[in-house]
file start03.txt (compact mmCIF, C-alpha atoms and all ligand atoms)
# COMPACT_ATOMS: atom_id res chain seq x y z
CA MET L 1 -5.31 -51.82 100.77
CA ILE L 2 -9.00 -51.09 101.22
CA VAL L 3 -10.83 -48.64 98.95
CA LYS L 4 -14.53 -47.86 99.41
CA HIS L 5 -16.97 -45.07 98.62
CA LEU L 6 -19.93 -43.99 100.76
CA ASN L 7 -22.15 -45.03 97.85
CA ASP L 8 -20.94 -48.63 98.32
CA ILE L 9 -22.35 -48.59 101.88
CA VAL L 10 -25.69 -46.76 101.48
CA ASN L 11 -28.68 -49.15 101.52
CA THR L 12 -26.54 -52.15 102.51
CA LYS L 13 -26.43 -53.92 105.89
CA ASP L 14 -23.61 -51.56 106.90
CA ASP L 15 -26.05 -48.63 106.61
CA VAL L 16 -27.78 -48.71 110.00
CA ASP L 17 -30.83 -46.48 110.38
CA THR L 18 -32.57 -45.69 113.69
CA PRO L 19 -35.17 -43.09 114.64
CA THR L 20 -32.48 -40.60 115.72
CA TRP L 21 -29.39 -41.45 113.66
CA ASN L 22 -28.23 -43.13 110.47
CA SER L 23 -24.76 -44.65 110.63
CA ARG L 24 -22.98 -45.50 107.39
CA ARG L 25 -20.22 -47.85 108.55
CA LEU L 26 -17.24 -47.46 106.25
CA LEU L 27 -14.74 -49.60 108.16
CA LEU L 28 -15.75 -52.37 110.53
CA ASN L 29 -14.12 -55.12 112.55
CA LYS L 30 -14.05 -57.33 109.45
CA ASP L 31 -11.66 -54.80 107.83
CA LYS L 32 -9.09 -55.55 110.58
CA MET L 33 -7.93 -51.97 111.06
CA GLY L 34 -8.26 -51.99 114.85
CA PHE L 35 -10.99 -49.31 114.76
CA SER L 36 -14.26 -48.69 112.96
CA LEU L 37 -15.02 -45.54 110.98
CA HIS L 38 -18.54 -44.26 110.41
CA ASP L 39 -20.14 -41.40 108.48
CA THR L 40 -23.15 -40.77 110.72
CA LEU L 41 -26.15 -38.48 110.25
CA VAL L 42 -27.82 -37.38 113.48
CA LYS L 43 -31.38 -36.40 112.64
CA ALA L 44 -32.62 -32.83 113.13
CA GLY L 45 -34.66 -32.22 116.28
CA THR L 46 -33.65 -35.50 117.97
CA GLU L 47 -32.08 -36.36 121.32
CA THR L 48 -30.20 -39.63 121.90
CA PHE L 49 -28.98 -40.93 125.25
CA ILE L 50 -25.71 -42.80 124.72
CA TRP L 51 -23.37 -44.71 127.00
CA TYR L 52 -20.50 -46.52 125.33
CA ARG L 53 -19.63 -48.72 128.27
CA HIS L 54 -17.31 -50.94 126.21
CA HIS L 55 -15.92 -48.54 123.60
CA VAL L 56 -14.06 -45.27 123.22
CA GLU L 57 -15.37 -43.02 120.45
CA ALA L 58 -14.07 -39.90 118.73
CA VAL L 59 -16.66 -37.78 116.92
CA TYR L 60 -15.79 -35.03 114.44
CA CYS L 61 -18.62 -32.80 113.21
CA ILE L 62 -18.43 -31.76 109.57
CA GLU L 63 -21.98 -30.46 109.03
CA GLY L 64 -24.88 -29.19 111.14
CA GLU L 65 -25.36 -27.93 114.69
CA GLY L 66 -26.37 -29.28 118.05
CA GLU L 67 -25.01 -30.00 121.50
CA ILE L 68 -23.66 -32.74 123.73
CA GLU L 69 -24.59 -32.79 127.41
CA VAL L 70 -22.27 -34.91 129.51
CA GLU L 71 -24.07 -36.50 132.46
CA GLY L 72 -22.95 -34.74 135.61
CA GLY L 73 -20.89 -32.31 133.54
CA ARG L 74 -20.97 -29.60 130.93
CA THR L 75 -22.94 -29.05 127.77
CA TYR L 76 -20.84 -28.29 124.68
CA ARG L 77 -22.03 -26.73 121.44
CA ILE L 78 -21.43 -28.88 118.36
CA GLN L 79 -20.70 -27.23 115.04
CA PRO L 80 -18.53 -28.09 112.02
CA GLY L 81 -14.91 -28.47 113.12
CA MET L 82 -15.81 -29.49 116.69
CA LEU L 83 -14.39 -32.80 117.94
CA TYR L 84 -15.29 -34.67 121.07
CA ALA L 85 -13.62 -37.85 122.26
CA LEU L 86 -15.31 -40.03 124.85
CA ASP L 87 -12.19 -41.34 126.54
CA GLY L 88 -13.92 -41.97 129.88
CA HIS L 89 -17.07 -43.87 128.82
CA GLU L 90 -19.09 -40.76 129.63
CA LYS L 91 -22.87 -41.04 129.59
CA HIS L 92 -24.18 -38.28 127.36
CA ARG L 93 -27.15 -36.80 125.57
CA LEU L 94 -26.68 -35.84 121.95
CA ARG L 95 -29.07 -33.24 120.55
CA ALA L 96 -29.24 -32.15 116.94
CA THR L 97 -30.71 -28.74 116.17
CA THR L 98 -30.15 -29.30 112.45
CA GLN L 99 -29.04 -32.57 110.85
CA MET L 100 -25.46 -33.18 111.95
CA ARG L 101 -22.97 -35.15 109.90
CA MET L 102 -20.38 -36.75 112.15
CA ILE L 103 -17.29 -38.80 111.40
CA CYS L 104 -17.08 -41.37 114.21
CA VAL L 105 -14.20 -43.66 115.13
CA PHE L 106 -14.65 -46.55 117.58
CA ASN L 107 -12.20 -48.73 119.45
CA PRO L 108 -12.82 -51.65 119.74
CA PRO L 109 -14.21 -51.62 116.19
CA LEU L 110 -17.91 -52.28 115.74
CA THR L 111 -18.83 -55.44 113.87
CA GLY L 112 -21.67 -53.63 112.10
CA ALA L 113 -24.68 -55.06 113.90
CA GLU L 114 -24.76 -52.70 116.85
CA VAL L 115 -27.56 -50.37 117.79
CA HIS L 116 -27.95 -48.90 121.26
CA ASP L 117 -29.69 -51.08 123.83
CA ASP L 118 -32.08 -49.78 126.45
CA LYS L 119 -29.12 -48.47 128.47
CA GLY L 120 -27.71 -46.52 125.53
CA THR L 121 -24.91 -49.06 125.23
CA TYR L 122 -23.48 -51.01 122.33
CA PRO L 123 -22.71 -54.64 123.17
CA LEU L 124 -19.09 -55.67 123.03
CA LEU L 125 -18.96 -57.76 119.85
CA ALA L 126 -15.30 -57.25 118.97
CA HIS L 127 -12.19 -56.87 121.03
CA SER L 128 -9.53 -54.21 120.96
CA MET L 129 -6.27 -55.22 119.31
CA ASP L 130 -4.29 -53.97 122.32
C1 LIG P 201 -22.44 -39.42 117.24
C2 LIG P 201 -22.98 -40.71 117.74
O1 LIG P 201 -22.49 -41.27 118.67
N1 LIG P 201 -24.05 -41.17 117.11
C3 LIG P 201 -24.60 -42.45 117.37
C4 LIG P 201 -24.24 -43.45 116.31
C5 LIG P 201 -22.83 -43.93 116.38
N2 LIG P 201 -21.87 -42.90 116.34
C6 LIG P 201 -22.58 -44.88 115.21
O2 LIG P 201 -22.86 -46.06 115.36
O3 LIG P 201 -22.10 -44.40 114.18
call {"tool": "encode", "arguments": {"input": "start03.txt", "output": "structure tokens"}}
result
Amino acid sequence: MIVKHLNDIVNTKDDVDTPTWNSRRLLLNKDKMGFSLHDTLVKAGTETFIWYRHHVEAVYCIEGEGEIEVEGGRTYRIQPGMLYALDGHEKHRLRATTQMRMICVFNPPLTGAEVHDDKGTYPLLAHSMD
């Protein structure tokens, strides 16, 4: 059994900070759960273009407000209690009006090193268990 606290992650290599988001990676590929689990802060007033070409991701907002614009599709308001799941590798723009706190789950699990490349993509560093 694995037991961790957010405080064990903050200011370690599993606390990944970028200009638009700060991802505290609670469970990673090394934990062998088949998914990774992140407590992510999306910074107020930012926009991030994201395309998870190799991963599916579920995102559950627990604090803050913003929106997600799906390329070629709709824009959805994000507020606490809102979930979106990128089951089709959708390209999207994430905008935070206020700082948003998001619980993110990835399959395949991230290894911990990933930040978005110039195409908004994370490289495939781990493989799905299925
Ligand atoms: C919500 C979102 O996709 N933010 C970008 C960071 C990513 N979720 C991560 O690595 O935690």
call {"tool": "atom_distance", "arguments": {"input": "start03.txt", "atom1": "atom CA of Pro109 of chain L", "atom2": "atom CA of Arg74 of chain L"}}
result
27.3 Å
call {"tool": "residues_around", "arguments": {"input": "start03.txt", "residues": "Pro80 of chain L", "least_positions_apart": "4", "cutoff": "10 Å", "atoms": "all atoms listed in the file", "output": "number ranges by chain"}}
result
L: 60-66, 100-102
call {"tool": "residues_near_ligand", "arguments": {"input": "start03.txt", "ligand": "ligand LIG 201 (chain P)", "cutoff": "7 Å", "atoms": "only C-alpha atoms and all ligand atoms", "output": "PyMOL selection string"}}
result
chain L and resi 21+23-25+38-40+42+59+102+104+115
call {"tool": "closest_residue", "arguments": {"input": "start03.txt", "among": "L:Thr20, L:Tyr76, L:Asn11, L:Gly112", "to": "Gly45 of chain L", "atoms": "all atoms listed in the file"}}
result
L:Thr20
call {"tool": "atom_distance", "arguments": {"input": "start03.txt", "atom1": "atom CA of Phe49 of chain L", "atom2": "atom CA of Arg93 of chain L"}}
result
4.5 Å
call {"tool": "atom_distance", "arguments": {"input": "start03.txt", "atom1": "atom CA of Thr75 of chain L", "atom2": "atom CA of Leu26 of chain L"}}
result
28.9 Å
call {"tool": "closest_residue", "arguments": {"input": "start03.txt", "among": "L:Glu57, L:Asp87, L:Asp8, L:Glu47", "to": "Glu69 of chain L", "atoms": "all atoms listed in the file"}}
result
L:Glu47
call {"tool": "residues_around", "arguments": {"input": "start03.txt", "residues": "Gly88 of chain L", "least_positions_apart": "6", "cutoff": "10 Å", "atoms": "all atoms listed in the file", "output": "list in words"}}
result
Tyr52, Arg53, His55, Val56 and Glu57 of chain L
call {"tool": "residues_around", "arguments": {"input": "start03.txt", "residues": "Ala58 of chain L", "least_positions_apart": "2", "cutoff": "6 Å", "atoms": "only C-alpha atoms", "output": "PyMOL selection string"}}
result
chain L and resi 84-85+104-105
call {"tool": "closest_residue", "arguments": {"input": "start03.txt", "among": "L:Asp14, L:Ile103, L:Arg77, L:Lys4", "to": "Leu28 of chain L", "atoms": "all atoms listed in the file"}}
result
L:Asp14
call {"tool": "closest_residue", "arguments": {"input": "start03.txt", "among": "L:Val10, L:Met33, L:Leu41, L:Met1", "to": "Asn107 of chain L", "atoms": "all atoms listed in the file"}}
result
L:Met33
